[in-house]
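**Student:** data-v4.txt (compact mmCIF, C-alpha atoms and all ligand atoms) pasted underneath:
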```
# COMPACT_ATOMS: atom_id res chain seq x y z
CA MET A 1 0.00 0.00 0.00
CA LYS A 2 1.06 3.56 -0.56
CA ASN A 3 2.02 5.72 2.41
CA LYS A 4 -0.22 8.48 1.05
CA GLU A 5 -3.23 6.25 1.70
CA PHE A 6 -2.70 6.43 5.46
CA THR A 7 -3.23 8.89 8.25
CA LEU A 8 -1.45 8.18 11.49
CA ILE A 9 -3.26 9.59 14.52
CA LEU A 10 -1.06 10.22 17.54
CA PRO A 11 -2.97 11.24 20.68
CA THR A 12 -0.73 13.27 22.95
CA LEU A 13 -0.68 14.71 26.42
CA ASN A 14 2.68 16.08 27.50
CA GLU A 15 4.82 13.97 25.18
CA GLY A 16 7.44 16.69 24.66
CA LYS A 17 10.23 14.22 25.37
CA ASN A 18 9.01 11.71 22.77
CA ILE A 19 7.09 13.44 19.99
CA LYS A 20 9.99 14.60 17.83
CA LYS A 21 11.56 11.18 17.85
CA VAL A 22 8.24 9.55 16.91
CA LEU A 23 7.69 12.00 14.03
CA ASP A 24 11.25 11.50 12.78
CA ILE A 25 10.99 7.72 12.82
CA VAL A 26 7.56 7.62 11.16
CA ASN A 27 8.53 10.11 8.46
CA SER A 28 11.71 8.28 7.62
CA LEU A 29 10.01 4.85 7.52
CA TYR A 30 6.89 6.04 5.64
CA PRO A 31 7.59 9.17 3.61
CA GLY A 32 4.37 10.82 2.46
CA ILE A 33 2.19 9.48 5.30
CA CYS A 34 -0.23 12.00 6.85
CA ILE A 35 0.16 12.48 10.57
CA ILE A 36 -2.31 14.16 12.93
CA VAL A 37 -1.14 14.89 16.43
CA ALA A 38 -4.29 15.15 18.55
CA ASP A 39 -3.16 17.10 21.58
CA ASP A 40 -5.30 17.71 24.65
CA GLY A 41 -3.63 20.91 25.83
CA SER A 42 -0.16 19.73 26.77
CA ILE A 43 1.61 22.10 29.12
CA ASP A 44 5.06 20.99 28.03
CA ARG A 45 6.63 21.65 24.61
CA THR A 46 4.61 19.06 22.68
CA GLN A 47 2.59 21.60 20.71
CA ASP A 48 5.56 23.87 19.98
CA ILE A 49 7.56 20.93 18.68
CA VAL A 50 4.73 19.79 16.40
CA MET A 51 4.04 23.31 15.09
CA GLY A 52 7.72 23.84 14.37
CA TYR A 53 8.15 20.47 12.70
CA LYS A 54 9.04 20.94 9.06
CA LYS A 55 9.37 17.42 7.66
CA GLY A 56 6.47 15.50 6.11
CA ASP A 57 2.75 16.12 6.36
CA VAL A 58 2.09 16.80 10.03
CA THR A 59 -1.02 18.52 11.40
CA LEU A 60 -1.59 19.61 14.97
CA LEU A 61 -5.11 19.23 16.30
CA ASP A 62 -5.11 21.53 19.32
CA ARG A 63 -7.85 20.58 21.78
CA SER A 64 -6.66 22.98 24.51
CA SER A 65 -9.98 24.79 24.62
CA GLU A 66 -12.06 21.62 24.45
CA LYS A 67 -14.15 21.23 27.61
CA GLN A 68 -14.31 17.46 27.51
CA LYS A 69 -10.73 16.22 27.27
CA GLY A 70 -9.80 12.59 26.74
CA LEU A 71 -7.88 10.18 24.58
CA THR A 72 -10.94 8.69 22.88
CA GLY A 73 -12.45 12.11 22.14
CA SER A 74 -9.13 13.23 20.68
CA VAL A 75 -8.95 10.28 18.29
CA LEU A 76 -12.57 10.90 17.26
CA ASP A 77 -11.91 14.56 16.51
CA ALA A 78 -8.78 13.69 14.57
CA THR A 79 -10.73 11.15 12.51
CA ARG A 80 -13.06 13.90 11.32
CA LEU A 81 -10.04 15.56 9.68
CA VAL A 82 -8.89 12.44 7.84
CA SER A 83 -9.15 12.31 4.05
CA THR A 84 -7.16 9.12 3.40
CA PRO A 85 -8.84 5.69 3.09
CA TYR A 86 -7.05 4.20 6.10
CA ILE A 87 -6.23 5.29 9.65
CA ILE A 88 -3.68 3.97 12.10
CA VAL A 89 -3.81 4.95 15.77
CA MET A 90 -0.59 4.74 17.77
CA ASP A 91 0.68 6.02 21.13
CA ALA A 92 3.26 8.78 20.99
CA ASP A 93 5.63 7.37 23.61
CA LEU A 94 7.30 4.71 21.44
CA GLN A 95 5.68 1.80 23.25
CA HIS A 96 4.14 0.86 19.93
CA PRO A 97 6.82 -0.04 17.37
CA PRO A 98 6.44 2.16 14.26
CA GLU A 99 8.00 -0.67 12.20
CA LYS A 100 4.71 -2.55 12.65
CA ILE A 101 2.68 0.09 10.83
CA LYS A 102 3.70 -1.54 7.56
CA GLU A 103 2.24 -4.88 8.62
CA ILE A 104 -1.00 -3.30 9.80
CA ALA A 105 -1.21 -1.46 6.48
CA GLU A 106 -0.73 -4.65 4.46
CA LEU A 107 -3.37 -6.53 6.46
CA LEU A 108 -5.86 -3.70 5.91
CA ARG A 109 -5.97 -4.67 2.22
CA HIS A 110 -8.28 -7.54 3.18
CA LYS A 111 -9.46 -6.57 6.66
CA ASP A 112 -11.50 -3.70 8.10
CA ILE A 113 -9.79 -3.38 11.46
CA VAL A 114 -6.29 -4.64 12.25
CA ILE A 115 -5.32 -4.88 15.89
CA GLY A 116 -1.81 -4.79 17.26
CA LYS A 117 -1.86 -7.59 19.82
CA ARG A 118 0.56 -7.14 22.69
CA LYS A 119 2.74 -10.23 22.73
CA ARG A 120 4.68 -9.36 25.82
CA VAL A 121 4.57 -6.45 28.20
CA VAL A 122 8.21 -5.69 28.77
CA SER A 123 7.73 -2.75 31.08
CA GLU A 124 7.57 -3.33 34.82
CA TRP A 125 4.06 -2.26 35.63
CA PRO A 126 3.01 -1.22 39.14
CA LEU A 127 0.11 -3.20 40.68
CA ARG A 128 -2.37 -0.36 40.01
CA ARG A 129 -1.54 -0.44 36.31
CA LYS A 130 -1.88 -4.22 36.15
CA ILE A 131 -5.31 -4.05 37.81
CA ILE A 132 -6.45 -1.42 35.31
CA SER A 133 -5.26 -3.56 32.41
CA TRP A 134 -6.60 -6.95 33.59
CA GLY A 135 -9.83 -5.51 34.92
CA GLY A 136 -10.32 -3.52 31.73
CA ASP A 137 -9.77 -6.55 29.53
CA ALA A 138 -12.16 -8.70 31.56
CA LEU A 139 -14.90 -6.06 31.35
CA ALA A 140 -14.40 -5.64 27.62
CA ARG A 141 -14.56 -9.37 26.97
CA ILE A 142 -17.82 -9.62 28.89
CA ARG A 143 -19.28 -6.64 27.00
CA LEU A 144 -18.28 -8.09 23.63
CA THR A 145 -19.65 -11.57 24.36
CA GLY A 146 -21.91 -12.72 21.56
CA LYS A 147 -20.28 -10.60 18.87
CA PRO A 148 -19.55 -12.60 15.74
CA PHE A 149 -15.86 -11.68 15.82
CA VAL A 150 -13.00 -12.35 18.21
CA CYS A 151 -10.65 -9.60 19.26
CA LEU A 152 -7.43 -10.90 20.78
CA ASP A 153 -6.47 -7.66 22.54
CA THR A 154 -9.44 -5.47 23.41
CA MET A 155 -7.24 -3.01 25.33
CA SER A 156 -4.78 -2.32 22.52
CA GLY A 157 -4.14 1.30 21.64
CA PHE A 158 -2.36 0.32 18.41
CA PHE A 159 -4.65 -0.49 15.49
CA GLY A 160 -5.59 0.33 11.93
CA ILE A 161 -9.08 0.82 10.50
CA ARG A 162 -10.76 1.74 7.24
CA THR A 163 -11.71 5.39 7.52
CA SER A 164 -15.18 4.84 6.04
CA ILE A 165 -16.02 2.27 8.72
CA PHE A 166 -14.76 4.47 11.54
CA LYS A 167 -16.62 7.53 10.26
CA ASN A 168 -19.78 5.50 9.84
CA ILE A 169 -19.59 4.24 13.44
CA ILE A 170 -18.97 7.78 14.66
CA SER A 171 -21.91 9.18 12.74
CA LYS A 172 -24.29 6.58 14.18
CA HIS A 173 -22.97 6.10 17.71
CA GLU A 174 -20.88 9.09 18.74
CA GLY A 175 -23.30 10.03 21.51
CA LYS A 176 -22.63 6.71 23.24
CA PHE A 177 -18.84 6.95 23.07
CA GLU A 178 -16.96 7.30 26.37
CA LYS A 179 -14.88 10.21 25.15
CA LYS A 180 -12.93 10.71 28.35
CA GLY A 181 -11.84 7.08 28.22
CA TYR A 182 -8.64 5.49 27.03
CA LYS A 183 -9.95 2.63 24.95
CA VAL A 184 -11.09 3.86 21.58
CA LEU A 185 -10.71 0.42 20.01
CA PHE A 186 -13.19 -1.00 22.51
CA GLU A 187 -15.69 1.75 21.61
CA ILE A 188 -15.29 0.88 17.94
CA LEU A 189 -15.75 -2.86 18.55
CA LYS A 190 -18.92 -2.27 20.57
CA TYR A 191 -20.56 -0.59 17.59
CA ALA A 192 -18.80 -2.29 14.68
CA PRO A 193 -21.03 -3.89 12.04
CA LYS A 194 -21.59 -7.64 12.44
CA ASP A 195 -19.68 -8.53 9.29
CA VAL A 196 -16.58 -6.51 10.19
CA ARG A 197 -13.36 -8.34 9.31
CA LEU A 198 -10.75 -8.28 12.06
CA GLY A 199 -7.05 -8.95 11.59
CA HIS A 200 -4.26 -9.14 14.15
CA THR A 201 -0.54 -8.69 14.28
CA ASN A 202 1.67 -9.41 17.29
CA TYR A 203 4.02 -6.84 18.68
CA THR A 204 6.14 -6.43 21.74
CA PHE A 205 4.80 -3.71 24.00
CA GLY A 206 7.91 -1.88 25.07
CA SER A 207 8.47 0.39 27.99
CA ARG A 208 7.72 4.11 27.76
CA LYS A 209 10.83 5.85 26.40
CA SER A 210 10.50 9.09 28.39
CA GLY A 211 7.92 11.10 30.28
CA GLU A 212 5.13 9.79 32.47
CA SER A 213 2.13 7.54 32.02
CA LYS A 214 -1.17 9.42 32.05
CA ILE A 215 -3.33 6.48 32.93
CA ARG A 216 -5.12 6.83 36.27
CA GLY A 217 -7.67 4.97 38.36
CA LYS A 218 -10.41 7.22 36.94
CA HIS A 219 -9.85 5.59 33.55
CA LEU A 220 -10.99 2.24 34.96
CA PHE A 221 -14.17 3.98 36.09
CA TYR A 222 -14.71 5.43 32.59
CA HIS A 223 -14.09 1.99 31.17
CA LEU A 224 -16.62 0.40 33.53
CA ARG A 225 -19.16 3.03 32.49
CA SER A 226 -18.37 2.31 28.84
CA ALA A 227 -18.79 -1.45 29.33
CA LEU A 228 -22.25 -0.84 30.74
CA LYS A 229 -23.39 1.15 27.70
N1 LIG B 1 -5.11 13.62 23.46
C1 LIG B 1 -4.89 12.91 24.57
N2 LIG B 1 -3.88 12.02 24.59
C2 LIG B 1 -3.68 11.32 25.73
C3 LIG B 1 -4.47 11.50 26.89
N3 LIG B 1 -4.00 10.68 27.85
C4 LIG B 1 -2.96 10.02 27.30
N4 LIG B 1 -2.75 10.40 26.03
C5 LIG B 1 -1.78 9.91 25.04
O1 LIG B 1 -2.19 8.61 24.71
C6 LIG B 1 -1.08 7.74 24.60
C7 LIG B 1 -1.20 6.61 25.63
O2 LIG B 1 -1.09 7.17 26.94
P1 LIG B 1 -0.10 6.53 28.03
O3 LIG B 1 -0.09 7.41 29.21
O4 LIG B 1 1.20 6.23 27.39
O5 LIG B 1 -0.86 5.21 28.40
P2 LIG B 1 -0.28 3.75 28.48
O6 LIG B 1 0.64 3.47 27.34
O7 LIG B 1 -1.45 2.86 28.64
O8 LIG B 1 0.54 3.84 29.82
P3 LIG B 1 2.12 3.57 30.04
O9 LIG B 1 2.36 2.13 29.70
O10 LIG B 1 2.36 3.83 31.46
O11 LIG B 1 2.84 4.51 29.12
C8 LIG B 1 0.15 8.61 24.76
O12 LIG B 1 0.56 9.05 23.49
C9 LIG B 1 -0.38 9.79 25.60
O13 LIG B 1 0.35 10.97 25.40
C10 LIG B 1 -5.52 12.47 26.84
O14 LIG B 1 -6.26 12.69 27.79
N5 LIG B 1 -5.69 13.13 25.65
MG MG B 2 2.24 4.56 27.06
```
Would you kindly transcribe this structure into structure tokens?
Ligand SMILES: Nc1nc2c(ncn2[C@@H]2O[C@H](COP(=O)(O)OP(=O)(O)OP(=O)(O)O)[C@@H](O)[C@H]2O)c(=O)[nH]1
Ligand SMILES: [Mg+2]

**Tutor:**
Amino acid sequence: MKNKEFTLILPTLNEGKNIKKVLDIVNSLYPGICIIVADDGSIDRTQDIVMGYKKGDVTLLDRSSEKQKGLTGSVLDATRLVSTPYIIVMDADLQHPPEKIKEIAELLRHKDIVIGKRKRVVSEWPLRRKIISWGGDALARIRLTGKPFVCLDTMSGFFGIRTSIFKNIISKHEGKFEKKGYKVLFEILKYAPKDVRLGHTNYTFGSRKSGESKIRGKHLFYHLRSALK
């Protein structure tokens, strides 16, 4: 597939220590790819770095004045700006290997959603983080019971999707989305059409390169609320 057919959405909140490196790697691996950095009002240099970035096709979506902040809402808003046939969503802290974008892109030729399945969590997570992840996965599996597809990593933040499918889901179900939440893939799967074709690719979930995790206990609450919708 051609790089021009893809938009990479990078949700960011205070990723000033990582964002330049991510943009450099992605632009050198996939020249011509569109990138949207969906920033929720970072108070570090994230926005300055993106605005001053001269290589490639990079757009800053500044959500500083947005009342309802959140990772899921940021990805949704970025999706509205997309004009390419395919979207890839990736974290901006280098925990998701940009080398895998190519594989996701290839699989999207015959699939509608391609999920990066975490093969191994190499970072040393604190107990709180493990509870959020295990609890979140259990809730998501229960909520998705009965769906005619099987997702092997409901909590993944690394995935690709056909833009038309994503926009269609947004137009029909946006009101039910948990926009403050962390798990946009789970929102998509809840409302995906029955005949959606899922693909998977394994990747090693690395440790955060720099900066701090933004995930908090409140995100488990948002996730619980989302699972009940
Ligand atoms: N726009 C936006 N981006 C966010 C928000 N919270 C986190 N992010 C970004 O979403 C991505 C995932 O957040 P992380 O804090 O790395 O979450 P995580 O990978 O589950 O946690 P760690 O393993 O500890 O890094 C990163 O690129 C963050 O900068 C938010 O509220 N809004
Ligand atoms: Mg992270």

**Student:** Residues up to 8 Å from ligand LIG 1 (chain B), counting all atoms listed in the file: could you list those as JSON, numbers by chain?

**Tutor:** {"A": [10, 11, 12, 13, 14, 15, 38, 39, 40, 41, 63, 69, 70, 71, 72, 73, 74, 75, 90, 91, 92, 93, 95, 123, 125, 129, 157, 180, 181, 182, 207, 208, 212, 213, 214, 215]}

**Student:** Would you place a box with edges along x, y and z of the file around all atoms of stretch 152-162 of chain A listed there, add 8 Å to each of its six sides, and report the centre and edge lengths in Å to one decimal, as JSON?

**Tutor:**
```
{"center_x": -6.6, "center_y": -4.6, "center_z": 16.3, "size_x": 24.4, "size_y": 28.6, "size_z": 34.1}
```

**Student:** Can you tell me, as a PyMOL selection string, what residues are no more than 9 Å from A:Ser226 when counting all atoms listed in the file, ignoring any on the same chain fewer than 2 positions away?

**Tutor:** chain A and resi 140+176-178+181+186-187+221-224+228-229

**Student:** If you count all atoms listed in the file, which residues fall within 12 Å of A:Lys21, apart from same-chain ones fewer than 2 positions away, as an NGL selection string?

**Tutor:** :A and (15-19 or 23-28 or 46 or 49-50 or 53 or 92-94 or 98 or 209-210)

**Student:** Which residue out of A:Phe166, A:Phe158, A:Tyr191, A:Tyr203 has the minimum interatomic distance to ligand MG 2 (chain B) when all atoms listed in the file are used?

**Tutor:**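 Closest to ligand MG 2 (chain B), using all atoms listed in the file: A:Phe158.
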
**Student:** Within 10 Å of A:Ile101, counting all atoms listed in the file, which residues qualify if same-chain residues fewer than 2 places away don't, as a list in words?

**Tutor:**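 So, after excluding close chain neighbours, the residues are Phe6, Leu8, Val26, Leu29, Tyr30, Ile88, Val89, Met90, His96, Pro97, Pro98, Glu99, Glu103, Ile104, Ala105, Glu106, Leu107, Gly116, Phe158, Phe159, Gly160 and Thr201 of chain A.
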
**Student:** Name the residues in contact with A:Leu185 at a cut-off of 8 Å, using all atoms listed in the file, excluding same-chain residues fewer than 3 positions from it; report them as a PyMOL selection string.

**Tutor:** chain A and resi 154-157+159+188-189

**Student:** What does the structure give for the distance between atom CA of A:Val37 and atom CA of A:Asp62, in Å to one decimal?

**Tutor:**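 These two atoms are separated by 8.3 Å.
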
**Student:** Please, what distance in Å, to one decimal, runs between atom CA of A:Leu76 and atom CA of A:Ile170?

**Tutor:** 7.6 Å

**Student:** Separation of atom CA of A:Pro148 and atom CA of A:Asp195, in Å?

**Tutor:**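 Interatomic distance, atom CA of A:Pro148 to atom CA of A:Asp195: 7.6 Å.
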
**Student:** List the neighbours of A:Arg109 out to 10 Å using all atoms listed in the file; skip same-chain residues closer than 5 positions along the sequence, and give me the result as a PyMOL selection string.

**Tutor:** chain A and resi 1+86+104+162

**Student:** I'd like to know which of A:Ile43, A:Leu81, A:Leu198, A:Ile131 is closest to A:Leu108, using all atoms listed in the file.

**Tutor:**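 Going through A:Ile43, A:Leu81, A:Leu198, A:Ile131 one by one, the smallest distance to A:Leu108 is for A:Leu198.
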
**Student:** Of the candidates A:Thr79, A:Glu5, A:Gly135, A:Phe205, which shows the shortest atom-to-atom distance to ligand MG 2 (chain B), using all atoms listed in the file?

**Tutor:** A:Phe205

**Student:** Could you check which of A:Lys167, A:Lys54, A:Lys4, A:Arg45 is closest to A:Gly32, using only C-alpha atoms?

**Tutor:** A:Lys4

**Student:** Which one is closest to ligand MG 2 (chain B): A:Leu139, A:Ile87, A:Val121, A:Ile36? Count only C-alpha atoms and all ligand atoms.

**Tutor:** A:Val121

**Student:** Tell me which of A:Arg80, A:Lys100, A:His110, A:Lys20 sits closest to A:Arg197, counting all atoms listed in the file.

**Tutor:**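 Once distances to A:Arg197 are computed over all atoms listed in the file, the minimum belongs to A:His110.
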